[in-house]
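A.B. asks: Structure: data-v6.tsv, TSV, C-alpha atoms.
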```
chain	number	residue	atom	x	y	z
E	66	MET	CA	0.00	0.00	0.00
E	67	LYS	CA	1.23	3.48	-0.88
E	68	ASN	CA	1.45	5.91	2.02
E	69	PRO	CA	-1.49	8.31	2.27
E	70	VAL	CA	-1.05	11.97	1.38
E	71	ILE	CA	-3.15	15.00	2.33
E	72	PHE	CA	-2.67	17.95	-0.03
E	73	ASP	CA	-3.33	21.35	1.59
E	74	THR	CA	-3.77	24.04	-1.04
E	75	ASP	CA	-5.16	27.39	-2.23
E	76	PRO	CA	-5.46	26.87	-6.01
E	77	GLY	CA	-3.95	29.00	-7.69
E	78	ILE	CA	-2.15	28.42	-10.99
E	79	ASP	CA	1.08	26.83	-9.77
E	80	ASP	CA	-1.10	24.83	-7.37
E	81	ALA	CA	-2.95	23.46	-10.40
E	82	PHE	CA	0.28	22.08	-11.88
E	83	ALA	CA	1.22	20.53	-8.52
E	84	ILE	CA	-2.24	19.07	-7.94
E	85	HIS	CA	-2.36	17.49	-11.39
E	86	HIS	CA	1.11	16.07	-10.76
E	87	ALA	CA	-0.16	14.57	-7.51
E	88	LEU	CA	-3.45	13.34	-9.01
E	89	TYR	CA	-1.72	11.48	-11.84
E	90	HIS	CA	1.48	10.24	-10.20
E	91	PRO	CA	1.24	6.47	-9.54
E	92	GLU	CA	3.24	6.77	-6.30
E	93	ILE	CA	1.07	9.48	-4.71
E	94	ASN	CA	-1.94	8.18	-2.78
E	95	LEU	CA	-4.08	11.26	-2.27
E	96	ILE	CA	-6.71	10.70	0.39
E	97	GLY	CA	-8.02	14.26	0.47
E	98	LEU	CA	-7.45	17.85	-0.55
E	99	THR	CA	-7.82	20.47	2.18
E	100	THR	CA	-8.23	24.08	1.16
E	101	VAL	CA	-7.24	27.38	2.70
E	102	PHE	CA	-7.45	31.08	1.85
E	103	GLY	CA	-4.43	32.47	0.03
E	104	ASN	CA	-4.34	32.94	-3.71
E	105	VAL	CA	-8.14	33.09	-3.55
E	106	SER	CA	-10.86	32.88	-0.91
E	107	VAL	CA	-11.24	29.53	0.81
E	108	GLU	CA	-14.60	29.03	-0.91
E	109	THR	CA	-13.02	29.53	-4.34
E	110	ALA	CA	-10.06	27.37	-3.33
E	111	ALA	CA	-12.39	24.51	-2.43
E	112	LYS	CA	-14.32	24.90	-5.68
E	113	ASN	CA	-11.10	24.97	-7.69
E	114	ALA	CA	-9.73	21.89	-5.95
E	115	LYS	CA	-12.94	20.02	-6.76
E	116	ILE	CA	-12.75	21.20	-10.38
E	117	LEU	CA	-9.21	19.81	-10.69
E	118	VAL	CA	-10.18	16.46	-9.14
E	119	GLU	CA	-13.13	16.09	-11.50
E	120	MET	CA	-11.03	17.24	-14.46
E	121	ALA	CA	-8.71	14.32	-13.73
E	122	GLY	CA	-11.67	11.93	-13.56
E	123	GLN	CA	-11.02	11.09	-9.93
E	124	ASP	CA	-13.17	10.95	-6.80
E	125	ILE	CA	-11.01	12.42	-4.05
E	126	PRO	CA	-12.77	14.36	-1.29
E	127	VAL	CA	-12.19	18.09	-0.85
E	128	PHE	CA	-12.44	19.74	2.57
E	129	GLN	CA	-12.81	23.47	3.15
E	130	GLY	CA	-10.68	25.03	5.86
E	131	ALA	CA	-9.51	28.37	7.21
E	132	SER	CA	-10.91	31.54	5.65
E	133	GLY	CA	-8.32	33.92	7.09
E	134	PRO	CA	-5.21	34.24	9.29
E	135	LEU	CA	-5.12	33.25	12.95
E	136	VAL	CA	-4.13	36.70	14.26
E	137	ALA	CA	-2.95	39.17	11.63
E	138	PRO	CA	-5.36	41.11	9.40
E	139	HIS	CA	-5.98	39.53	6.04
E	140	LYS	CA	-3.88	41.19	3.34
E	141	GLY	CA	-6.22	40.54	0.39
E	142	PHE	CA	-6.03	38.29	-2.65
E	143	PRO	CA	-3.49	38.56	-5.53
E	144	ASP	CA	-6.05	38.76	-8.34
E	145	PHE	CA	-3.47	40.44	-10.59
E	146	ILE	CA	-1.33	37.28	-10.46
E	147	HIS	CA	-3.78	34.36	-10.32
E	148	GLY	CA	-6.99	36.06	-11.44
E	149	ALA	CA	-10.15	36.50	-9.41
E	150	ASP	CA	-11.07	32.87	-10.10
E	151	GLY	CA	-7.58	31.57	-9.27
E	152	PHE	CA	-7.18	30.13	-12.77
E	153	GLY	CA	-6.26	33.25	-14.72
E	154	ASP	CA	-9.89	34.38	-15.14
E	155	ILE	CA	-10.78	31.67	-17.63
E	156	ASN	CA	-14.07	31.14	-15.73
E	157	LEU	CA	-14.50	27.38	-15.73
E	158	PRO	CA	-17.92	25.87	-14.95
E	159	ASP	CA	-18.60	24.98	-11.33
E	160	PRO	CA	-17.79	21.41	-10.26
E	161	LYS	CA	-20.56	18.85	-10.30
E	162	GLY	CA	-19.73	17.34	-6.92
E	163	SER	CA	-19.98	18.90	-3.49
E	164	ILE	CA	-17.44	19.88	-0.87
E	165	GLU	CA	-17.25	17.66	2.22
E	166	LYS	CA	-18.94	18.93	5.38
E	167	THR	CA	-16.01	18.10	7.70
E	168	PHE	CA	-13.80	21.09	8.53
E	169	ALA	CA	-10.37	20.65	6.93
E	170	PRO	CA	-8.34	20.73	10.20
E	171	GLN	CA	-10.64	18.07	11.64
E	172	PHE	CA	-10.09	15.88	8.57
E	173	ILE	CA	-6.34	16.23	9.11
E	174	ILE	CA	-6.71	15.22	12.77
E	175	ASP	CA	-8.96	12.24	11.98
E	176	SER	CA	-6.73	10.96	9.18
E	177	VAL	CA	-3.54	11.15	11.22
E	178	ARG	CA	-5.11	9.39	14.20
E	179	GLN	CA	-6.53	6.64	11.99
E	180	GLN	CA	-3.14	5.96	10.36
E	181	PRO	CA	-0.46	6.97	12.83
E	182	GLY	CA	2.99	7.36	11.33
E	183	GLU	CA	1.70	6.93	7.80
E	184	VAL	CA	0.24	10.26	6.60
E	185	THR	CA	2.32	12.86	4.77
E	186	ILE	CA	0.93	16.39	4.51
E	187	ILE	CA	1.97	18.44	1.48
E	188	ALA	CA	1.01	22.07	2.12
E	189	VAL	CA	1.44	24.71	-0.60
E	190	GLY	CA	-0.57	27.62	0.83
E	191	PRO	CA	-0.72	29.50	4.11
E	192	LEU	CA	-0.28	27.07	7.01
E	193	THR	CA	-3.44	28.01	8.88
E	194	ASN	CA	-5.18	24.63	8.55
E	195	LEU	CA	-2.15	22.84	9.98
E	196	ALA	CA	-1.83	25.30	12.86
E	197	MET	CA	-5.53	24.96	13.66
E	198	ALA	CA	-5.24	21.17	13.65
E	199	LEU	CA	-2.34	21.44	16.11
E	200	ARG	CA	-4.34	23.76	18.35
E	201	MET	CA	-7.34	21.46	18.26
E	202	ALA	CA	-5.30	18.28	18.84
E	203	PRO	CA	-1.70	18.90	19.98
E	204	ASP	CA	-1.09	15.16	20.16
E	205	ILE	CA	-1.15	14.69	16.39
E	206	ALA	CA	2.31	16.10	15.60
E	207	PRO	CA	4.31	12.94	16.44
E	208	LEU	CA	1.75	10.87	14.50
E	209	VAL	CA	2.46	12.60	11.17
E	210	LYS	CA	5.00	10.91	8.91
E	211	GLU	CA	6.21	14.17	7.33
E	212	VAL	CA	5.10	17.69	6.44
E	213	ILE	CA	6.37	19.10	3.13
E	214	ILE	CA	5.63	22.75	2.51
E	215	MET	CA	6.15	25.21	-0.29
E	216	GLY	CA	6.93	28.40	1.59
E	217	GLY	CA	9.53	30.54	3.25
E	218	ALA	CA	13.05	31.56	2.31
E	219	ALA	CA	16.38	30.93	4.02
E	220	LYS	CA	18.80	33.12	2.03
E	221	GLU	CA	16.70	34.24	-0.92
E	222	TYR	CA	14.89	37.58	-1.02
E	223	GLY	CA	11.16	37.53	-0.36
E	224	ASN	CA	8.46	37.82	-3.02
E	225	VAL	CA	5.89	39.94	-1.15
E	226	SER	CA	8.39	41.98	0.86
E	227	ALA	CA	12.17	42.20	0.90
E	228	VAL	CA	12.31	39.19	3.22
E	229	ALA	CA	8.94	37.38	3.24
E	230	GLU	CA	7.53	34.66	1.00
E	231	ALA	CA	3.80	34.91	0.25
E	232	ASN	CA	2.45	31.78	1.98
E	233	ILE	CA	4.25	32.55	5.24
E	234	PHE	CA	3.42	36.27	4.97
E	235	ASN	CA	-0.28	35.44	4.70
E	236	ASP	CA	-0.28	33.88	8.18
E	237	PRO	CA	3.07	34.10	10.00
E	238	HIS	CA	1.55	33.19	13.37
E	239	ALA	CA	0.28	29.92	11.93
E	240	ALA	CA	3.60	29.22	10.25
E	241	ASP	CA	5.50	29.74	13.50
E	242	ILE	CA	3.23	27.21	15.24
E	243	VAL	CA	3.79	24.70	12.44
E	244	PHE	CA	7.57	25.08	12.36
E	245	ARG	CA	7.78	24.68	16.15
E	246	ALA	CA	5.67	21.51	16.18
E	247	ASP	CA	7.23	18.12	16.89
E	248	TRP	CA	6.94	16.68	13.40
E	249	PRO	CA	9.53	16.29	10.62
E	250	MET	CA	9.27	19.04	8.02
E	251	VAL	CA	10.71	19.84	4.62
E	252	MET	CA	10.73	23.49	3.52
E	253	ALA	CA	10.72	23.96	-0.24
E	254	GLY	CA	11.06	27.72	-0.25
E	255	LEU	CA	12.15	30.44	-2.62
E	256	ASP	CA	15.77	29.25	-2.34
E	257	VAL	CA	14.85	26.38	-4.67
E	258	THR	CA	11.67	27.53	-6.40
E	259	HIS	CA	13.46	30.58	-7.81
E	260	GLN	CA	15.89	28.15	-9.47
E	261	VAL	CA	13.11	26.38	-11.40
E	262	ILE	CA	11.52	28.38	-14.22
E	263	LEU	CA	8.67	26.94	-16.28
E	264	HIS	CA	8.99	28.54	-19.70
E	265	ARG	CA	5.90	29.28	-21.77
E	266	LYS	CA	7.18	27.04	-24.56
E	267	GLU	CA	7.30	24.10	-22.12
E	268	ALA	CA	3.67	24.67	-21.15
E	269	GLU	CA	2.81	24.88	-24.86
E	270	GLU	CA	4.57	21.57	-25.48
E	271	LEU	CA	2.58	19.96	-22.66
E	272	ALA	CA	-0.64	21.28	-24.21
E	273	GLN	CA	0.32	19.65	-27.52
E	274	LYS	CA	0.95	16.30	-25.82
E	275	VAL	CA	-2.20	16.25	-23.67
E	276	PRO	CA	-4.55	18.89	-25.07
E	277	ARG	CA	-7.29	18.65	-22.43
E	278	ILE	CA	-5.22	18.93	-19.23
E	279	GLY	CA	-2.22	20.64	-20.77
E	280	GLY	CA	-4.48	23.05	-22.62
E	281	PHE	CA	-6.22	24.02	-19.41
E	282	LEU	CA	-2.90	24.58	-17.65
E	283	LEU	CA	-1.62	26.70	-20.52
E	284	ASP	CA	-4.77	28.82	-20.63
E	285	ALA	CA	-4.81	29.28	-16.87
E	286	ALA	CA	-1.13	30.20	-16.78
E	287	ASP	CA	-1.38	32.94	-19.42
E	288	LEU	CA	-2.10	35.67	-16.84
E	289	TYR	CA	0.62	34.23	-14.60
E	290	PHE	CA	3.15	34.35	-17.42
E	291	LYS	CA	2.19	37.93	-18.23
E	292	PHE	CA	2.75	38.96	-14.59
E	293	TYR	CA	6.19	37.36	-14.50
E	294	ASN	CA	7.14	38.86	-17.84
E	295	GLY	CA	6.21	42.33	-16.63
E	296	ALA	CA	7.76	41.96	-13.17
E	297	PHE	CA	10.91	39.97	-13.96
E	298	GLY	CA	11.27	39.80	-17.74
E	299	ILE	CA	10.70	36.02	-17.63
E	300	ASP	CA	8.81	34.34	-20.49
E	301	GLY	CA	7.35	31.86	-18.04
E	302	CYS	CA	7.04	31.63	-14.27
E	303	TYR	CA	8.73	30.33	-11.15
E	304	PHE	CA	7.59	26.74	-10.60
E	305	HIS	CA	6.80	27.15	-6.90
E	306	ASP	CA	4.28	24.56	-5.69
E	307	PRO	CA	5.33	21.66	-7.95
E	308	CYS	CA	8.68	21.63	-6.15
E	309	ALA	CA	6.87	20.20	-3.11
E	310	THR	CA	5.31	17.29	-5.00
E	311	ALA	CA	8.54	16.71	-6.92
E	312	TYR	CA	10.40	16.41	-3.61
E	313	TYR	CA	7.86	13.91	-2.31
E	314	VAL	CA	8.35	11.52	-5.22
E	315	ASN	CA	12.07	12.16	-5.79
E	316	PRO	CA	13.93	13.84	-2.91
E	317	GLU	CA	17.24	13.13	-4.65
E	318	LEU	CA	16.48	16.07	-6.95
E	319	PHE	CA	17.20	18.41	-4.04
E	320	GLY	CA	19.99	19.30	-1.63
E	321	ALA	CA	19.22	20.47	1.89
E	322	ILE	CA	20.56	21.81	5.15
E	323	ASP	CA	19.19	20.98	8.60
E	324	ALA	CA	17.92	23.95	10.56
E	325	ALA	CA	15.37	25.09	13.09
E	326	VAL	CA	12.91	27.75	11.91
E	327	ARG	CA	11.01	30.55	13.58
E	328	VAL	CA	8.83	33.16	11.89
E	329	SER	CA	8.80	36.89	12.49
E	330	CYS	CA	5.28	38.12	13.26
E	331	GLU	CA	5.81	41.87	13.44
E	332	GLY	CA	7.72	44.84	12.08
E	333	PRO	CA	9.55	45.11	8.76
E	334	ALA	CA	10.49	41.41	8.93
E	335	PHE	CA	6.79	40.37	9.14
E	336	GLY	CA	6.51	36.92	7.58
E	337	GLN	CA	10.24	36.21	7.37
E	338	THR	CA	11.42	32.68	8.07
E	339	LEU	CA	14.34	32.88	10.49
E	340	ILE	CA	16.76	29.99	10.02
E	341	LYS	CA	19.12	28.63	12.67
E	342	PRO	CA	21.33	25.96	11.05
E	343	LYS	CA	22.02	22.81	13.01
E	344	GLY	CA	25.08	23.29	15.22
E	345	HIS	CA	25.05	27.06	15.01
E	346	PRO	CA	26.85	28.30	18.16
E	347	GLY	CA	24.81	31.49	18.66
E	348	PRO	CA	23.47	32.04	22.19
E	349	SER	CA	19.92	32.96	21.10
E	350	THR	CA	17.21	31.08	22.99
E	351	GLU	CA	14.30	31.78	20.60
E	352	TRP	CA	14.87	28.46	18.82
E	353	ASP	CA	15.16	26.40	22.01
E	354	GLY	CA	12.94	23.34	21.85
E	355	CYS	CA	12.56	23.57	18.06
E	356	ARG	CA	13.51	20.48	16.11
E	357	ASN	CA	15.62	20.75	12.99
E	358	HIS	CA	13.91	20.49	9.61
E	359	LYS	CA	15.17	19.97	6.08
E	360	ILE	CA	15.57	23.31	4.31
E	361	LEU	CA	15.94	22.75	0.59
E	362	MET	CA	18.74	24.85	-0.90
E	363	GLN	CA	19.75	23.16	-4.15
E	364	VAL	CA	17.61	21.70	-6.93
E	365	LYS	CA	18.07	20.01	-10.27
E	366	GLY	CA	15.70	22.34	-12.09
E	367	ALA	CA	15.40	20.62	-15.45
E	368	ALA	CA	14.85	17.22	-13.83
E	369	THR	CA	12.23	18.69	-11.50
E	370	LYS	CA	10.27	20.07	-14.45
E	371	ASP	CA	10.66	16.75	-16.27
E	372	GLU	CA	9.26	14.94	-13.23
E	373	VAL	CA	6.15	17.11	-13.03
E	374	LEU	CA	5.42	17.73	-16.71
E	375	GLY	CA	6.45	14.22	-17.70
E	376	THR	CA	4.03	12.67	-15.23
E	377	ILE	CA	1.15	14.79	-16.52
E	378	ALA	CA	2.08	14.07	-20.14
E	379	GLN	CA	2.28	10.32	-19.49
E	380	PHE	CA	-0.83	9.77	-17.39
E	381	ALA	CA	-3.29	12.56	-18.28
E	382	ASP	CA	-5.79	11.76	-21.01
```
Output the file's structure in the form of C-alpha cells.

C.D. replies:
Amino acid sequence: MKNPVIFDTDPGIDDAFAIHHALYHPEINLIGLTTVFGNVSVETAAKNAKILVEMAGQDIPVFQGASGPLVAPHKGFPDFIHGADGFGDINLPDPKGSIEKTFAPQFIIDSVRQQPGEVTIIAVGPLTNLAMALRMAPDIAPLVKEVIIMGGAAKEYGNVSAVAEANIFNDPHAADIVFRADWPMVMAGLDVTHQVILHRKEAEELAQKVPRIGGFLLDAADLYFKFYNGAFGIDGCYFHDPCATAYYVNPELFGAIDAAVRVSCEGPAFGQTLIKPKGHPGPSTEWDGCRNHKILMQVKGAATKDEVLGTIAQFAD
C-alpha cells in the first residue's frame, strides 16, 4: 500500500500544476485535498480543488478550511497574479460534486489518528489549517510521517516583501506554530523555487501532448506568465508549488541543510522565516525546543520540471 497523502492548497495556478502532478502520479496516494485562503478565498479554493479532481476523472474528497489568518489582518487576494477565479480568469464551470462537510483541520486530525505514522501532509498555501489542527489536537504532531511545505526563504529575497515569502506572509503566526511543532518538516522555499523556471514554450509543449489537461494549464497560466514577464522579464514563471510534490516523489532532486525555523510576526520582517542551522553556536534562545527540519537549498531544475510535466504528459488523457 502506498502511504497516504493530504494535499493542503489554495489553487492557484502553480497549485494546479502541482495538484495534477499529484493526481496522476502512480506513487502518490491522495486521500483528500484540504483548502485554505491564500491565492483566492477559501470558498473559491475549495471549488477549484474540486474542479481539478473532476477534471482528472477522480473521486477524491475536498475539505474546506480556514478563511483567514489566525491573528494578523488579512492582506487581500493577488487577483493580478492568479486572477479572481484563481485560474487566470478563464471562468471554468462549477464542479458537479460537493465539498465535504467536515472542517479541513478536523479531517487532518482524523486521518492522522486513523493511520499513525503513515500520513504525509503536502502544504502549498498558508499554514493556517495545519496550525488549527495542532491547536485542536496537539497530540497529532508525532503521529504525522512528514510535512512538506512550499513556503519561506532561508537566504533568498522575499516575493511579497524584501524578506517574506507569500504563503508565510499570509499567516506568519500559523507558520511559527507549524515550524515549532514536533513533526519532521521539509521546507521547499524560494531558495529552490526561484531556481526552477517553467517557460511558456514548455507549457505549450505539454498542451500539444495532452490537449485537455495541458491546454487548461496553458490557458490558466497565461495571466501568470504575463505577470512574471512584466515583473521579472521572464517568459514563463517560477515553478513554486510543484517543487513540493517533486520532492515527495524524488527527494534526490534536491539538496538540503538541517535547521530550526522561527517566523517573524511583526515589524519590517513580518513573515520572514528565520533559520538557525544545526550546530550554530549562537546564544539565542528563541529556537530552544525547536527540532531541525530539512531546508531545501539546491535543486536540479530541469529534472524537476521533467518529473512534473512528464508525469502529466504520461498519465493525463

A.B. asks: Which residue out of E:Thr310, E:Asn294, E:Thr350, E:Asn232 has the minimum interatomic distance to Asn94 in chain E when all atoms listed in the file are used?

C.D. replies: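 When distances to Asn94 in chain E are compared using all atoms listed in the file, the smallest one comes from E:Thr310.
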
A.B. asks: With all atoms of range 66-82 of chain E from the file as input, state the centre and edge lengths in Å to one decimal of the axis-aligned box that has 5 Å extra on each side, as JSON.

C.D. replies:
```
{"center_x": -2.0, "center_y": 14.5, "center_z": -4.8, "size_x": 16.9, "size_y": 39.0, "size_z": 24.2}
```

A.B. asks: For CA of Ile146 in chain E and CA of Tyr289 in chain E, determine how far apart the two atoms are, in Å to one decimal place.

C.D. replies: 5.5 Å

A.B. asks: Please list as a PyMOL selection string every residue within 8 Å of range 178-189 of chain E, counting all atoms listed in the file and excluding residues in the same chain fewer than 3 positions away.

C.D. replies: chain E and resi 68-75+80+174-175+192+205+207-216+232+306+309-310

A.B. asks: Calculated over only C-alpha atoms, which of the candidates E:Ala381, E:Ile78, E:Ala231, E:Val127 has the smallest distance to Val275 in chain E?

C.D. replies: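 Among the listed residues, E:Ala381 lies closest to Val275 in chain E.
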
A.B. asks: Return the single residue from E:Ile164, E:Val105, E:Ala121, E:Leu288 that is closest to Lys140 in chain E, with distances computed using only C-alpha atoms.

C.D. replies: E:Val105

A.B. asks: Place N, CA, C and O atoms on range 220-246 of chain E and deliver the coordinates as an mmCIF file, in the coordinates of the input.

C.D. replies:
```
data_model
loop_
_atom_site.group_PDB
_atom_site.id
_atom_site.type_symbol
_atom_site.label_atom_id
_atom_site.label_comp_id
_atom_site.auth_asym_id
_atom_site.auth_seq_id
_atom_site.Cartn_x
_atom_site.Cartn_y
_atom_site.Cartn_z
ATOM 1 N N LYS E 220 17.837 32.092 2.453
ATOM 2 C CA LYS E 220 18.800 33.120 2.030
ATOM 3 C C LYS E 220 18.271 33.983 0.893
ATOM 4 O O LYS E 220 18.805 35.057 0.651
ATOM 5 N N GLU E 221 17.249 33.517 0.218
ATOM 6 C CA GLU E 221 16.700 34.240 -0.920
ATOM 7 C C GLU E 221 15.868 35.442 -0.458
ATOM 8 O O GLU E 221 15.291 35.433 0.635
ATOM 9 N N TYR E 222 15.792 36.457 -1.299
ATOM 10 C CA TYR E 222 14.890 37.580 -1.020
ATOM 11 C C TYR E 222 13.439 37.099 -1.027
ATOM 12 O O TYR E 222 13.106 36.087 -1.637
ATOM 13 N N GLY E 223 12.574 37.852 -0.359
ATOM 14 C CA GLY E 223 11.160 37.530 -0.360
ATOM 15 C C GLY E 223 10.487 37.885 -1.672
ATOM 16 O O GLY E 223 11.072 38.524 -2.546
ATOM 17 N N ASN E 224 9.208 37.475 -1.808
ATOM 18 C CA ASN E 224 8.460 37.820 -3.020
ATOM 19 C C ASN E 224 7.224 38.676 -2.749
ATOM 20 O O ASN E 224 6.539 39.074 -3.697
ATOM 21 N N VAL E 225 6.931 38.951 -1.464
ATOM 22 C CA VAL E 225 5.890 39.940 -1.150
ATOM 23 C C VAL E 225 6.450 41.091 -0.333
ATOM 24 O O VAL E 225 5.816 42.128 -0.193
ATOM 25 N N SER E 226 7.611 40.907 0.243
ATOM 26 C CA SER E 226 8.390 41.980 0.860
ATOM 27 C C SER E 226 9.849 41.655 0.608
ATOM 28 O O SER E 226 10.155 40.639 -0.037
ATOM 29 N N ALA E 227 10.744 42.476 1.118
ATOM 30 C CA ALA E 227 12.170 42.200 0.900
ATOM 31 C C ALA E 227 12.594 40.870 1.491
ATOM 32 O O ALA E 227 13.553 40.262 1.024
ATOM 33 N N VAL E 228 11.860 40.382 2.503
ATOM 34 C CA VAL E 228 12.310 39.190 3.220
ATOM 35 C C VAL E 228 11.272 38.081 3.316
ATOM 36 O O VAL E 228 11.616 36.965 3.722
ATOM 37 N N ALA E 229 10.018 38.344 2.970
ATOM 38 C CA ALA E 229 8.940 37.380 3.240
ATOM 39 C C ALA E 229 8.419 36.727 1.970
ATOM 40 O O ALA E 229 8.204 37.389 0.948
ATOM 41 N N GLU E 230 8.197 35.431 2.058
ATOM 42 C CA GLU E 230 7.530 34.660 1.000
ATOM 43 C C GLU E 230 6.024 34.705 1.255
ATOM 44 O O GLU E 230 5.565 34.756 2.389
ATOM 45 N N ALA E 231 5.235 34.614 0.185
ATOM 46 C CA ALA E 231 3.800 34.910 0.250
ATOM 47 C C ALA E 231 3.029 33.990 1.205
ATOM 48 O O ALA E 231 2.195 34.464 1.989
ATOM 49 N N ASN E 232 3.241 32.679 1.138
ATOM 50 C CA ASN E 232 2.450 31.780 1.980
ATOM 51 C C ASN E 232 2.695 32.040 3.460
ATOM 52 O O ASN E 232 1.757 32.022 4.264
ATOM 53 N N ILE E 233 3.941 32.283 3.838
ATOM 54 C CA ILE E 233 4.250 32.550 5.240
ATOM 55 C C ILE E 233 3.737 33.940 5.626
ATOM 56 O O ILE E 233 3.183 34.128 6.716
ATOM 57 N N PHE E 234 3.894 34.909 4.746
ATOM 58 C CA PHE E 234 3.420 36.270 4.970
ATOM 59 C C PHE E 234 1.920 36.318 5.226
ATOM 60 O O PHE E 234 1.438 37.116 6.036
ATOM 61 N N ASN E 235 1.175 35.447 4.555
ATOM 62 C CA ASN E 235 -0.280 35.440 4.700
ATOM 63 C C ASN E 235 -0.746 35.022 6.083
ATOM 64 O O ASN E 235 -1.838 35.394 6.502
ATOM 65 N N ASP E 236 0.055 34.240 6.796
ATOM 66 C CA ASP E 236 -0.280 33.880 8.180
ATOM 67 C C ASP E 236 0.983 33.462 8.931
ATOM 68 O O ASP E 236 1.222 32.281 9.175
ATOM 69 N N PRO E 237 1.809 34.444 9.328
ATOM 70 C CA PRO E 237 3.070 34.100 10.000
ATOM 71 C C PRO E 237 2.864 33.440 11.355
ATOM 72 O O PRO E 237 3.677 32.609 11.763
ATOM 73 N N HIS E 238 1.807 33.814 12.060
ATOM 74 C CA HIS E 238 1.550 33.190 13.370
ATOM 75 C C HIS E 238 1.298 31.692 13.210
ATOM 76 O O HIS E 238 1.798 30.885 13.995
ATOM 77 N N ALA E 239 0.518 31.332 12.187
ATOM 78 C CA ALA E 239 0.280 29.920 11.930
ATOM 79 C C ALA E 239 1.565 29.207 11.538
ATOM 80 O O ALA E 239 1.853 28.092 12.007
ATOM 81 N N ALA E 240 2.357 29.846 10.685
ATOM 82 C CA ALA E 240 3.600 29.220 10.250
ATOM 83 C C ALA E 240 4.547 28.977 11.412
ATOM 84 O O ALA E 240 5.209 27.930 11.487
ATOM 85 N N ASP E 241 4.620 29.914 12.345
ATOM 86 C CA ASP E 241 5.500 29.740 13.500
ATOM 87 C C ASP E 241 5.064 28.555 14.347
ATOM 88 O O ASP E 241 5.892 27.780 14.843
ATOM 89 N N ILE E 242 3.759 28.377 14.506
ATOM 90 C CA ILE E 242 3.230 27.210 15.240
ATOM 91 C C ILE E 242 3.638 25.924 14.533
ATOM 92 O O ILE E 242 4.086 24.951 15.163
ATOM 93 N N VAL E 243 3.505 25.916 13.223
ATOM 94 C CA VAL E 243 3.790 24.700 12.440
ATOM 95 C C VAL E 243 5.267 24.354 12.475
ATOM 96 O O VAL E 243 5.645 23.187 12.658
ATOM 97 N N PHE E 244 6.132 25.352 12.330
ATOM 98 C CA PHE E 244 7.570 25.080 12.360
ATOM 99 C C PHE E 244 8.040 24.622 13.740
ATOM 100 O O PHE E 244 9.036 23.897 13.849
ATOM 101 N N ARG E 245 7.370 25.065 14.798
ATOM 102 C CA ARG E 245 7.780 24.680 16.150
ATOM 103 C C ARG E 245 7.183 23.351 16.603
ATOM 104 O O ARG E 245 7.532 22.854 17.677
ATOM 105 N N ALA E 246 6.316 22.767 15.808
ATOM 106 C CA ALA E 246 5.670 21.510 16.180
ATOM 107 C C ALA E 246 6.661 20.345 16.093
ATOM 108 O O ALA E 246 7.650 20.399 15.355
#
```
